[in-house]
Structures are given as structure tokens and as C-alpha cells.
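coords.csv, holding CSV, C-alpha atoms:
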chain,number,residue,atom,x,y,z
A,177,MET,CA,-183.3,-82.1,-74.9
A,178,LYS,CA,-181.1,-84.3,-72.8
A,179,GLY,CA,-177.4,-85.1,-73.2
A,180,TYR,CA,-174.5,-86.7,-71.3
A,181,VAL,CA,-172.5,-83.7,-70.0
A,182,PHE,CA,-168.9,-83.8,-68.8
A,183,HIS,CA,-168.4,-81.9,-65.5
A,184,GLY,CA,-164.7,-82.6,-64.9
A,185,THR,CA,-162.5,-85.6,-64.1
A,186,GLY,CA,-164.7,-88.5,-63.0
A,187,LYS,CA,-168.0,-86.5,-63.2
A,188,ALA,CA,-170.7,-86.5,-65.9
A,189,ALA,CA,-174.5,-86.6,-66.0
A,190,TRP,CA,-177.5,-87.2,-68.3
A,191,GLU,CA,-179.3,-83.9,-67.9
A,192,GLU,CA,-181.4,-81.2,-69.6
A,193,ILE,CA,-179.5,-79.0,-72.0
A,194,PRO,CA,-180.4,-76.5,-74.8
A,195,ASP,CA,-181.4,-77.9,-78.1
A,196,PRO,CA,-178.7,-77.5,-80.8
A,197,ALA,CA,-179.2,-74.9,-83.5
A,198,LEU,CA,-177.5,-74.2,-86.8
A,199,LYS,CA,-174.5,-71.9,-86.4
A,200,GLU,CA,-173.1,-72.0,-89.9
A,201,PRO,CA,-174.7,-72.6,-93.3
A,202,THR,CA,-172.6,-75.8,-93.7
A,203,ASP,CA,-174.2,-77.3,-90.5
A,204,ALA,CA,-176.8,-80.0,-90.1
A,205,VAL,CA,-178.8,-81.0,-87.0
A,206,VAL,CA,-179.2,-84.7,-86.6
A,207,ARG,CA,-181.8,-86.5,-84.4
A,208,VAL,CA,-179.8,-89.3,-82.8
A,209,GLY,CA,-181.2,-92.8,-83.3
A,210,ALA,CA,-178.3,-94.8,-82.0
A,211,VAL,CA,-175.1,-93.8,-80.2
A,212,THR,CA,-172.2,-95.8,-78.6
A,213,ILE,CA,-169.5,-95.2,-76.0
A,214,CYS,CA,-165.8,-95.2,-77.0
A,215,GLY,CA,-162.8,-96.0,-74.9
A,216,THR,CA,-161.7,-92.4,-75.6
A,217,ASP,CA,-164.8,-91.2,-73.7
A,218,LEU,CA,-163.4,-93.2,-70.7
A,219,HIS,CA,-160.1,-91.5,-71.2
A,220,ILE,CA,-161.8,-88.1,-71.1
A,221,LEU,CA,-163.5,-89.0,-67.8
A,222,LYS,CA,-160.2,-90.1,-66.4
A,223,GLY,CA,-158.7,-86.7,-67.2
A,224,ASP,CA,-156.4,-87.9,-70.0
A,225,VAL,CA,-157.8,-85.4,-72.5
A,226,PRO,CA,-157.5,-82.0,-70.8
A,227,GLU,CA,-158.8,-80.1,-73.9
A,228,VAL,CA,-162.4,-81.3,-73.1
A,229,ARG,CA,-164.0,-78.5,-71.1
A,230,PRO,CA,-166.6,-79.0,-68.4
A,231,GLY,CA,-170.0,-78.5,-69.8
A,232,THR,CA,-169.2,-80.4,-73.1
A,233,VAL,CA,-171.6,-83.1,-74.3
A,234,LEU,CA,-169.6,-86.3,-74.8
A,235,GLY,CA,-169.6,-88.7,-77.7
A,236,HIS,CA,-168.4,-88.8,-81.3
A,237,GLU,CA,-170.3,-91.7,-82.9
A,238,ALA,CA,-173.9,-91.8,-83.9
A,239,VAL,CA,-176.5,-92.8,-86.4
A,240,GLY,CA,-179.6,-90.6,-86.9
A,241,GLU,CA,-181.9,-88.6,-89.1
A,242,ILE,CA,-181.3,-85.2,-90.5
A,243,VAL,CA,-183.8,-82.8,-89.2
A,244,GLU,CA,-182.4,-79.5,-90.4
A,245,VAL,CA,-179.6,-78.3,-92.7
A,246,GLY,CA,-177.9,-75.0,-93.4
A,247,GLY,CA,-178.3,-73.2,-96.7
A,248,ASP,CA,-174.9,-74.4,-98.1
A,249,VAL,CA,-175.5,-78.1,-97.4
A,250,ARG,CA,-175.9,-80.0,-100.7
A,251,THR,CA,-175.5,-83.8,-100.2
A,252,VAL,CA,-178.1,-84.5,-97.4
A,253,ARG,CA,-181.6,-83.1,-96.6
A,254,PRO,CA,-184.1,-83.5,-93.8
A,255,GLY,CA,-185.4,-87.0,-93.5
A,256,ASP,CA,-182.1,-88.7,-94.6
A,257,ARG,CA,-180.8,-91.4,-92.4
A,258,VAL,CA,-177.0,-90.9,-91.9
A,259,LEU,CA,-173.9,-92.0,-90.1
A,260,VAL,CA,-172.3,-89.2,-88.1
A,261,SER,CA,-168.5,-89.6,-88.5
A,262,CYS,CA,-166.2,-89.2,-85.5
A,263,ILE,CA,-164.1,-86.9,-87.7
A,264,THR,CA,-165.4,-83.6,-89.1
A,265,ALA,CA,-163.8,-82.3,-92.3
A,266,CYS,CA,-163.8,-78.8,-93.7
A,267,GLY,CA,-162.7,-80.1,-97.1
A,268,ARG,CA,-160.6,-77.0,-97.9
A,269,CYS,CA,-157.5,-77.0,-95.8
A,270,ALA,CA,-154.2,-78.7,-97.0
A,271,PHE,CA,-154.8,-81.7,-94.8
A,272,CYS,CA,-158.3,-82.3,-96.0
A,273,ARG,CA,-157.1,-82.1,-99.6
A,274,GLN,CA,-154.9,-85.0,-98.8
A,275,ALA,CA,-157.8,-86.9,-97.2
A,276,ALA,CA,-156.0,-86.5,-93.8
A,277,TYR,CA,-159.3,-85.3,-92.3
A,278,GLY,CA,-158.2,-86.1,-88.7
A,279,GLN,CA,-155.7,-83.3,-89.0
A,280,CYS,CA,-158.1,-80.7,-90.5
A,281,ARG,CA,-157.1,-77.1,-89.8
A,282,GLY,CA,-160.2,-75.5,-91.0
A,283,GLY,CA,-162.4,-76.1,-88.0
A,284,GLY,CA,-162.7,-79.9,-88.2
A,285,GLY,CA,-160.8,-82.9,-87.1
A,286,TRP,CA,-161.9,-84.7,-83.9
A,287,ILE,CA,-164.2,-82.0,-82.5
A,288,LEU,CA,-167.4,-83.8,-81.6
A,289,GLY,CA,-167.4,-84.6,-77.9
A,290,HIS,CA,-163.9,-83.0,-77.7
A,291,LEU,CA,-164.0,-79.3,-78.6
A,292,ILE,CA,-167.8,-79.0,-79.2
A,293,ASP,CA,-170.9,-80.8,-78.0
A,294,GLY,CA,-170.9,-84.4,-79.1
A,295,THR,CA,-173.4,-87.1,-80.0
A,296,GLN,CA,-174.4,-88.6,-76.7
A,297,ALA,CA,-177.6,-86.6,-76.7
A,298,GLU,CA,-181.0,-86.6,-78.3
A,299,TYR,CA,-179.8,-84.2,-81.0
A,300,VAL,CA,-176.4,-83.1,-82.3
A,301,ARG,CA,-175.2,-80.3,-84.5
A,302,VAL,CA,-172.7,-81.5,-87.1
A,303,PRO,CA,-170.4,-79.0,-88.8
A,304,PHE,CA,-169.4,-79.4,-92.4
A,305,ALA,CA,-172.2,-81.8,-93.0
A,306,ASP,CA,-171.5,-82.5,-96.6
A,307,LEU,CA,-168.2,-84.2,-95.7
A,308,SER,CA,-169.0,-85.3,-92.1
A,309,VAL,CA,-172.1,-87.4,-92.4
A,310,HIS,CA,-172.7,-90.4,-94.7
A,311,PRO,CA,-176.1,-91.5,-96.1
A,312,LEU,CA,-176.9,-95.0,-95.0
A,313,PRO,CA,-178.3,-97.9,-97.1
A,314,GLY,CA,-181.8,-98.8,-96.1
A,315,GLY,CA,-181.0,-102.4,-95.1
A,316,LEU,CA,-178.2,-101.5,-92.7
A,317,SER,CA,-179.3,-101.6,-89.0
A,318,ASP,CA,-178.4,-98.9,-86.5
A,319,GLN,CA,-176.4,-101.3,-84.4
A,320,ALA,CA,-174.3,-102.4,-87.4
A,321,ALA,CA,-173.9,-98.9,-88.8
A,322,VAL,CA,-172.9,-97.0,-85.6
A,323,LEU,CA,-169.7,-99.1,-85.3
A,324,LEU,CA,-168.5,-97.5,-88.6
A,325,ALA,CA,-168.4,-94.1,-87.1
A,326,ASP,CA,-165.1,-94.7,-85.3
A,327,ILE,CA,-163.9,-98.2,-84.3
A,328,PHE,CA,-163.8,-99.9,-87.7
A,329,PRO,CA,-162.2,-97.0,-89.7
A,330,THR,CA,-159.8,-96.5,-86.8
A,331,SER,CA,-158.7,-100.1,-86.6
A,332,TYR,CA,-158.5,-100.4,-90.4
A,333,GLU,CA,-156.7,-97.1,-91.2
A,334,VAL,CA,-154.5,-96.6,-88.1
A,335,GLY,CA,-153.9,-100.3,-87.4
A,336,VAL,CA,-154.1,-102.4,-90.5
A,337,LEU,CA,-153.3,-100.0,-93.3
A,338,ASN,CA,-150.6,-98.0,-91.3
A,339,GLY,CA,-149.2,-101.3,-90.2
A,340,ARG,CA,-149.1,-102.4,-93.9
A,341,VAL,CA,-150.6,-105.9,-93.3
A,342,ARG,CA,-149.9,-108.1,-96.3
A,343,PRO,CA,-150.8,-111.6,-97.4
A,344,GLY,CA,-148.8,-114.2,-95.5
A,345,ASP,CA,-147.9,-111.9,-92.6
A,346,THR,CA,-148.0,-112.8,-88.9
A,347,VAL,CA,-150.1,-110.1,-87.3
A,348,VAL,CA,-150.4,-109.6,-83.5
A,349,VAL,CA,-153.1,-107.4,-82.0
A,350,VAL,CA,-152.5,-106.4,-78.5
A,351,GLY,CA,-155.8,-105.5,-76.8
A,352,ALA,CA,-159.0,-107.3,-77.7
A,353,GLY,CA,-161.4,-104.6,-76.9
A,354,PRO,CA,-163.7,-103.2,-79.6
A,355,VAL,CA,-160.9,-101.5,-81.6
A,356,GLY,CA,-158.6,-104.5,-81.3
A,357,LEU,CA,-161.4,-106.9,-82.4
A,358,ALA,CA,-162.2,-104.7,-85.3
A,359,ALA,CA,-158.5,-104.8,-86.2
A,360,VAL,CA,-158.7,-108.6,-86.2
A,361,ALA,CA,-161.7,-108.5,-88.5
A,362,THR,CA,-160.2,-106.0,-90.9
A,363,ALA,CA,-156.7,-107.6,-90.9
A,364,LYS,CA,-158.3,-110.8,-92.2
A,365,LEU,CA,-159.2,-108.9,-95.4
A,366,PHE,CA,-155.5,-109.1,-96.4
A,367,SER,CA,-155.1,-112.8,-95.9
A,368,PRO,CA,-152.3,-112.9,-93.3
A,369,GLU,CA,-150.8,-116.3,-92.5
A,370,ARG,CA,-152.0,-115.9,-88.9
A,371,ILE,CA,-153.5,-113.4,-86.5
A,372,VAL,CA,-152.6,-113.5,-82.7
A,373,ALA,CA,-154.8,-111.7,-80.2
A,374,VAL,CA,-153.3,-110.7,-76.8
A,375,ASP,CA,-155.5,-109.6,-73.9
A,376,LEU,CA,-156.1,-110.1,-70.2
A,377,GLY,CA,-159.8,-111.1,-70.5
A,378,PRO,CA,-160.8,-114.7,-71.4
A,379,ALA,CA,-164.1,-113.4,-72.9
A,380,ARG,CA,-162.4,-110.9,-75.1
A,381,LEU,CA,-159.9,-113.6,-76.3
A,382,GLU,CA,-162.8,-115.9,-77.1
A,383,ALA,CA,-164.4,-113.0,-79.1
A,384,ALA,CA,-161.2,-112.6,-80.9
A,385,ARG,CA,-161.2,-116.3,-81.9
A,386,ALA,CA,-164.8,-115.9,-83.1
A,387,LEU,CA,-163.8,-113.0,-85.3
A,388,GLY,CA,-160.9,-114.8,-86.9
A,389,ALA,CA,-157.9,-114.8,-84.6
A,390,ASP,CA,-155.8,-118.0,-85.2
A,391,ALA,CA,-154.2,-117.9,-81.8
A,392,VAL,CA,-154.8,-116.0,-78.5
A,393,ALA,CA,-152.5,-115.3,-75.6
A,394,ASP,CA,-153.0,-114.1,-72.1
A,395,ALA,CA,-151.0,-110.9,-71.7
A,396,ARG,CA,-149.7,-112.1,-68.3
A,397,GLU,CA,-148.2,-115.3,-69.8
A,398,THR,CA,-145.3,-114.1,-72.0
A,399,PRO,CA,-147.0,-113.7,-75.3
A,400,GLU,CA,-143.6,-112.8,-76.7
A,401,GLN,CA,-142.7,-116.5,-76.4
A,402,LEU,CA,-145.8,-117.6,-78.3
A,403,VAL,CA,-145.0,-115.2,-81.1
A,404,ALA,CA,-141.4,-116.4,-81.2
A,405,ASP,CA,-142.5,-120.0,-81.3
A,406,LEU,CA,-144.9,-119.4,-84.2
A,407,THR,CA,-142.4,-117.5,-86.3
A,408,ASP,CA,-139.2,-119.5,-85.6
A,409,GLY,CA,-137.9,-116.8,-83.4
A,410,LEU,CA,-138.3,-114.0,-86.0
A,411,GLY,CA,-141.2,-112.1,-84.5
A,412,ALA,CA,-144.4,-110.6,-86.0
A,413,ASP,CA,-144.5,-108.7,-89.3
A,414,VAL,CA,-147.1,-106.3,-87.8
A,415,VAL,CA,-148.0,-105.6,-84.2
A,416,ILE,CA,-151.1,-103.4,-83.6
A,417,GLU,CA,-151.2,-101.7,-80.2
A,418,ALA,CA,-154.9,-101.2,-79.2
A,419,VAL,CA,-154.8,-100.5,-75.5
A,420,GLY,CA,-152.9,-97.3,-74.8
A,421,THR,CA,-150.6,-98.1,-71.8
A,422,PRO,CA,-146.8,-97.9,-71.5
A,423,GLU,CA,-146.7,-101.7,-70.8
A,424,THR,CA,-148.6,-102.7,-73.9
A,425,PHE,CA,-146.7,-100.4,-76.2
A,426,GLU,CA,-143.4,-101.8,-74.9
A,427,LEU,CA,-144.7,-105.3,-75.3
A,428,CYS,CA,-145.5,-104.6,-79.0
A,429,THR,CA,-141.9,-103.4,-79.6
A,430,ARG,CA,-140.6,-106.6,-78.1
A,431,MET,CA,-142.7,-108.8,-80.4
A,432,VAL,CA,-142.0,-107.2,-83.8
A,433,ARG,CA,-139.5,-108.7,-86.2
A,434,PRO,CA,-136.6,-106.8,-87.8
A,435,GLY,CA,-138.0,-104.7,-90.6
A,436,GLY,CA,-141.6,-105.0,-89.2
A,437,HIS,CA,-144.2,-102.5,-88.3
A,438,VAL,CA,-145.7,-101.4,-84.9
A,439,ALA,CA,-149.0,-99.5,-85.5
A,440,ASN,CA,-150.1,-97.7,-82.4
A,441,VAL,CA,-153.8,-97.2,-82.2
A,442,GLY,CA,-154.4,-96.9,-78.4
A,443,VAL,CA,-155.0,-93.5,-76.7
A,444,HIS,CA,-152.1,-93.0,-74.3
A,445,GLY,CA,-152.5,-91.0,-71.1
A,446,ALA,CA,-148.9,-91.5,-69.8
A,447,PRO,CA,-145.4,-91.6,-71.4
A,448,ALA,CA,-144.0,-94.9,-72.7
A,449,THR,CA,-140.4,-95.8,-72.9
A,450,LEU,CA,-139.0,-96.2,-76.4
A,451,HIS,CA,-136.1,-98.7,-76.0
A,452,LEU,CA,-133.9,-97.4,-78.8
A,453,GLU,CA,-131.0,-99.3,-77.3
A,454,ASP,CA,-132.7,-102.4,-78.6
A,455,LEU,CA,-134.6,-101.0,-81.5
A,456,TRP,CA,-132.1,-98.9,-83.4
A,457,ILE,CA,-130.6,-101.8,-85.2
A,458,LYS,CA,-133.9,-103.5,-86.2
A,459,ASN,CA,-135.2,-101.3,-89.0
A,460,ILE,CA,-138.7,-101.2,-87.6
A,461,THR,CA,-141.3,-98.7,-88.4
A,462,ILE,CA,-143.5,-97.2,-85.7
A,463,THR,CA,-146.7,-95.3,-86.7
A,464,THR,CA,-149.2,-93.4,-84.7
A,465,GLY,CA,-152.3,-91.7,-85.9
A,466,LEU,CA,-155.8,-90.3,-85.4
A,467,VAL,CA,-158.3,-91.8,-87.8
A,468,ASP,CA,-159.1,-89.8,-90.9
A,469,THR,CA,-162.2,-91.8,-91.8
A,470,TYR,CA,-161.4,-91.7,-95.6
A,471,SER,CA,-162.2,-95.4,-95.6
A,472,THR,CA,-165.8,-95.0,-94.2
A,473,PRO,CA,-167.6,-95.2,-97.6
A,474,THR,CA,-165.7,-98.4,-98.5
A,475,LEU,CA,-166.4,-99.9,-95.1
A,476,LEU,CA,-170.1,-99.0,-95.3
A,477,ARG,CA,-170.4,-100.8,-98.6
A,478,MET,CA,-168.6,-103.8,-97.2
A,479,THR,CA,-170.9,-103.9,-94.2
A,480,ALA,CA,-174.0,-103.6,-96.3
A,481,ALA,CA,-172.8,-106.5,-98.4
A,482,GLY,CA,-172.3,-108.6,-95.2
A,483,ARG,CA,-168.5,-108.6,-95.4
A,484,LEU,CA,-167.7,-107.0,-92.0
A,485,PRO,CA,-168.9,-108.3,-88.6
A,486,THR,CA,-169.9,-105.0,-87.1
A,487,ALA,CA,-173.1,-105.8,-85.2
A,488,GLU,CA,-171.5,-108.9,-83.7
A,489,LEU,CA,-169.4,-106.7,-81.5
A,490,VAL,CA,-172.5,-105.3,-79.7
A,491,THR,CA,-173.0,-107.1,-76.4
A,492,HIS,CA,-175.3,-104.7,-74.6
A,493,SER,CA,-178.2,-102.4,-75.6
A,494,PHE,CA,-179.7,-99.5,-73.6
A,495,LEU,CA,-182.2,-96.7,-74.0
A,496,LEU,CA,-180.6,-93.2,-74.3
A,497,ASP,CA,-181.7,-92.2,-70.8
A,498,GLU,CA,-179.9,-95.2,-69.4
A,499,MET,CA,-176.6,-93.5,-70.4
A,500,GLN,CA,-175.0,-93.7,-66.9
A,501,GLU,CA,-175.8,-97.4,-66.6
A,502,ALA,CA,-174.3,-98.0,-70.1
A,503,TYR,CA,-171.1,-96.2,-69.0
A,504,ASP,CA,-170.9,-98.3,-65.9
A,505,VAL,CA,-171.3,-101.5,-67.9
A,506,PHE,CA,-168.7,-100.4,-70.5
A,507,ALA,CA,-166.2,-99.2,-68.0
A,508,GLY,CA,-166.5,-102.4,-66.0
A,509,ALA,CA,-166.0,-104.6,-69.1
A,510,ALA,CA,-163.7,-107.0,-67.1
A,511,ASP,CA,-166.7,-108.0,-65.0
A,512,THR,CA,-169.6,-107.4,-67.4
A,513,GLY,CA,-168.1,-108.9,-70.5
A,514,ALA,CA,-169.0,-105.7,-72.5
A,515,LEU,CA,-167.5,-105.2,-75.9
A,516,LYS,CA,-169.5,-102.5,-77.5
A,517,VAL,CA,-172.7,-100.9,-76.0
A,518,VAL,CA,-175.3,-99.2,-78.2
A,519,LEU,CA,-177.9,-96.8,-76.9
A,520,GLY,CA,-181.1,-95.6,-78.6
A,521,GLY,CA,-184.6,-94.7,-77.8
A,522,PRO,CA,-187.1,-92.1,-76.7
A,523,HIS,CA,-186.5,-88.4,-76.9
A,524,HIS,CA,-188.8,-85.4,-77.4
A,525,ASP,CA,-190.5,-85.4,-80.8
A,526,GLU,CA,-189.6,-82.1,-82.3
A,527,ILE,CA,-186.8,-79.7,-82.6
A,528,LEU,CA,-187.6,-76.2,-83.7
A,529,PRO,CA,-185.6,-74.6,-86.6
A,530,VAL,CA,-183.5,-71.8,-85.3
A,531,ASP,CA,-185.7,-69.1,-86.9
A,532,ALA,CA,-188.8,-70.5,-85.1
A,533,ALA,CA,-187.2,-71.0,-81.7

Target encoding C-alpha cells, full file:
Amino acid sequence: MKGYVFHGTGKAAWEEIPDPALKEPTDAVVRVGAVTICGTDLHILKGDVPEVRPGTVLGHEAVGEIVEVGGDVRTVRPGDRVLVSCITACGRCAFCRQAAYGQCRGGGGWILGHLIDGTQAEYVRVPFADLSVHPLPGGLSDQAAVLLADIFPTSYEVGVLNGRVRPGDTVVVVGAGPVGLAAVATAKLFSPERIVAVDLGPARLEAARALGADAVADARETPEQLVADLTDGLGADVVIEAVGTPETFELCTRMVRPGGHVANVGVHGAPATLHLEDLWIKNITITTGLVDTYSTPTLLRMTAAGRLPTAELVTHSFLLDEMQEAYDVFAGAADTGALKVVLGGPHHDEILPVDAA
């Protein structure tokens, strides 16, 4: 088969690789029908995630069809259409028993496209399939479903729920990329008084308005003042950081009110300064987190019912073998206007079971 293989900082290629095979009786092999590219994949290519070894297939989000399962898999079978979660869960360790699947210590957590071969390929092996893939309703399109593998549960759990968004709140989302836009959409579920989106790109700010932001601000034009004006100088109840740079994190801490919450979602590749000389007296809560995906079944039901605008975030579509072009478009979002890119299409027709290979 073919897959998108990481070869070190700044280097990756769509190339021939061995077909995946079952390694454990809890595994499944999935034929990839649709896959997308995450900002985290760009961080890997920049060298910000050194745990990723050269030779690893990238990607941790996919929709596809089960083609083979191990003997211990009980909840899915060949032919089932499934969502492949970005998080793998053993289901047995102390963290999994608390639904903190992102911190799994039994061989799961974020491993696809990180510690093992990922989803940006024609086929992918998924460990612990019973807890790591989700059967899809028949009416849900691949484009709509694939965004539930990562960005919607991430924005909802790590941003909106960790930030404790409540009715009547002022919520500021810093970064109107895919995760930030998903945070705008999911924050609306809690009826805040207003949502403010902050970004550098006019197209992304326009997308934020379309998804429900009540106000937008160019990050270069003192968004702190806009937030102060809207809140009589108090500051935002919740600020969600969805970029991952020192400047954006520090901006978030300047916009939060006393007693408010800063929910960091962005992947950081460099240290940020925590200005405790200003913050110690403000009673603020700062949370960080890797998504656990415990909310995925709920978000799937809401999307199937038409309550979440998932497919609306997809701006570009490609065939699987156009992976490098898709990466270029996604990485150059400032020029291309890309929000989320989705890939799907031709691959070889059959994968042999391990005992027939």
C-alpha cells in the first residue's frame, strides 16, 4: 500500500510501504476512506514532537471500513464503517477507568501517527479496536464524520468543558483555525452571552462569524481592549488558547477576568512565560490537556442529528495520492484560505489477512 511517511524534520513522502497486519487479538485493520491533516502533523514536521521516529506513517484521524479484526474484538466486524479515534484506549489502566483515555498507560493514548504508524495511508492497524473505533450512522458523510476523530472532541473537552463555559459567559477563542472554529461551535451549546474570535486571518475571522462568533478581532489590533470594552473592563470569563505560541498564551492570560479560566488547547513547541507577578492575585484557573475522546459518541449523535457544523469546516478535498499537495495547501492556510482538508480515494482493492500473506 501507500502511506505518508515522516523522514525527519521537514521531510515526508507519499510512498510504498508494507500493508499493516494484526499484531494483537484486540487489533483491527481499517481500509481508510477519508483522512485529514491536523495542525499537530505540521508540528511533527517542524520537529516539535521529537518522539515521532523517522519511518512513521503520520496521521491520527480517519473514517474507513473494517477489513480484519483480531480474535478478541467484539464490537465491530469486517464491513463495518467506523470512525478511527485519534486516541487509543486499553480500557484497563487506572486512567482509562476514569475515561482519561489520552493518558492511557496500557499501550494506548495518542499513539497513531506518533508512536506507531498512523492513518494517512490506504490501510491502518488500530490497537484496542473495541474502544478506539466508533461505528458510524449510515447517513453521516465521510467529510462530516472525520472531523469528529480529533478537532471537535479536542475543542469541546480541552477547550469548552475544561474552561467551564456557562450560560451568560463571555468566551474568547484565540486562534480561528479548525480547532478554534470547533471551539466557537461547541461553546455555543452552552448559551454564552458572547463569543469573541481572535486571529490574524480575515478569512478565518469571517468563518468564525459564520459559525456563531458575536465579535471578531485582529490579533494585531489590541484584542484586549475589545474584550475590556465588551465587559466593562472586567475581562472574559473563559479564554481558549487554540494556537500554541508563547505570544497567544500570554495574550490569553491578559484577557481573562479575575476568577476566570484559561483553557490551553494549542500544541506548544516553545516555552511561554507565566506572568505570576500579575496573575497570582487574580484567582484564575489555567488548564492544559490532551483530548480523551470520551465525548465522541455524544458528538457523533449530535452531528448525525444536524446539531454540529462539522462538514462546513472542510474547504479543500483531495485524493489520497495528492497527500503532499494537501499538506502544502493546509500549511499555507494564510494564502490558500484552507481550514480543514479531507483526502480520500483510490487504493489497491484487497489486503490479505496475516495468515494468507

Of A:Glu369, A:Asp394, A:Asp256, A:Asp405, the one sitting nearest A:Val205 when using all atoms listed in the file is A:Asp256

List every protein, DNA or RNA residue that has at least one atom no more than 6 Å from (-177.4, -99.3, -84.3) in the file's coordinates, counting all atoms listed in the file, and write the result as an MDAnalysis selection string. chainID A and resid 210 317:322

Find the residues of stretch 418-498 of chain A that sit at most 10 Å from stretch 353-356 of chain A; for each, write down the nearest two atoms and how far apart they are in Å, to one decimal. Count only C-alpha atoms. Sort by chain, then by number going up, and give it as a Markdown table.
| residue | atom | partner | partner_atom | distance |
| --- | --- | --- | --- | --- |
| A:Ala418 | CA | A:Gly356 | CA | 5.4 |
| A:Val419 | CA | A:Gly353 | CA | 7.9 |
| A:Val441 | CA | A:Val355 | CA | 8.3 |
| A:Gly442 | CA | A:Val355 | CA | 8.6 |
| A:Thr486 | CA | A:Pro354 | CA | 9.9 |
| A:Leu489 | CA | A:Pro354 | CA | 7.0 |
| A:Val490 | CA | A:Pro354 | CA | 9.0 |

Quick one: of A:Lys364, A:Gly508, A:Leu476, A:Ala514, who's nearest to A:Ser493, counting only C-alpha atoms? A:Ala514

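What separates atom CA of A:Ala395 from atom CA of A:Val414 is a distance of 17.2 Å.
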
Pick out the closest residue to A:Ile213 from this set: A:Gly184, A:Gly247, A:Gly520, A:Pro194. Count only C-alpha atoms.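 Using only C-alpha atoms, A:Ile213 sits closest to A:Gly520.
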
Residue among A:Glu488, A:Gly283, A:Tyr299, A:Thr469 lying closest to A:Ala384, counting all atoms listed in the file: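 So, comparing all the options, the nearest one is A:Glu488.
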
Neighbouring residues of A:Asp224 were defined as those with any atom within 10 Å, considering all atoms listed in the file; residues of the same chain fewer than 2 positions away were excluded. Please report them as a VMD selection string. chain A and resid 185 216 to 222 226 to 228 443 to 446

If we count only C-alpha atoms, what is near A:Gly409 at a cut-off of 12 Å, once residues fewer than 6 positions away on the same chain are taken out, given as a PyMOL selection string? chain A and resi 400-403+430-434

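Between atom CA of A:Gly246 and atom CA of A:Leu307 the interatomic distance comes to 13.6 Å.
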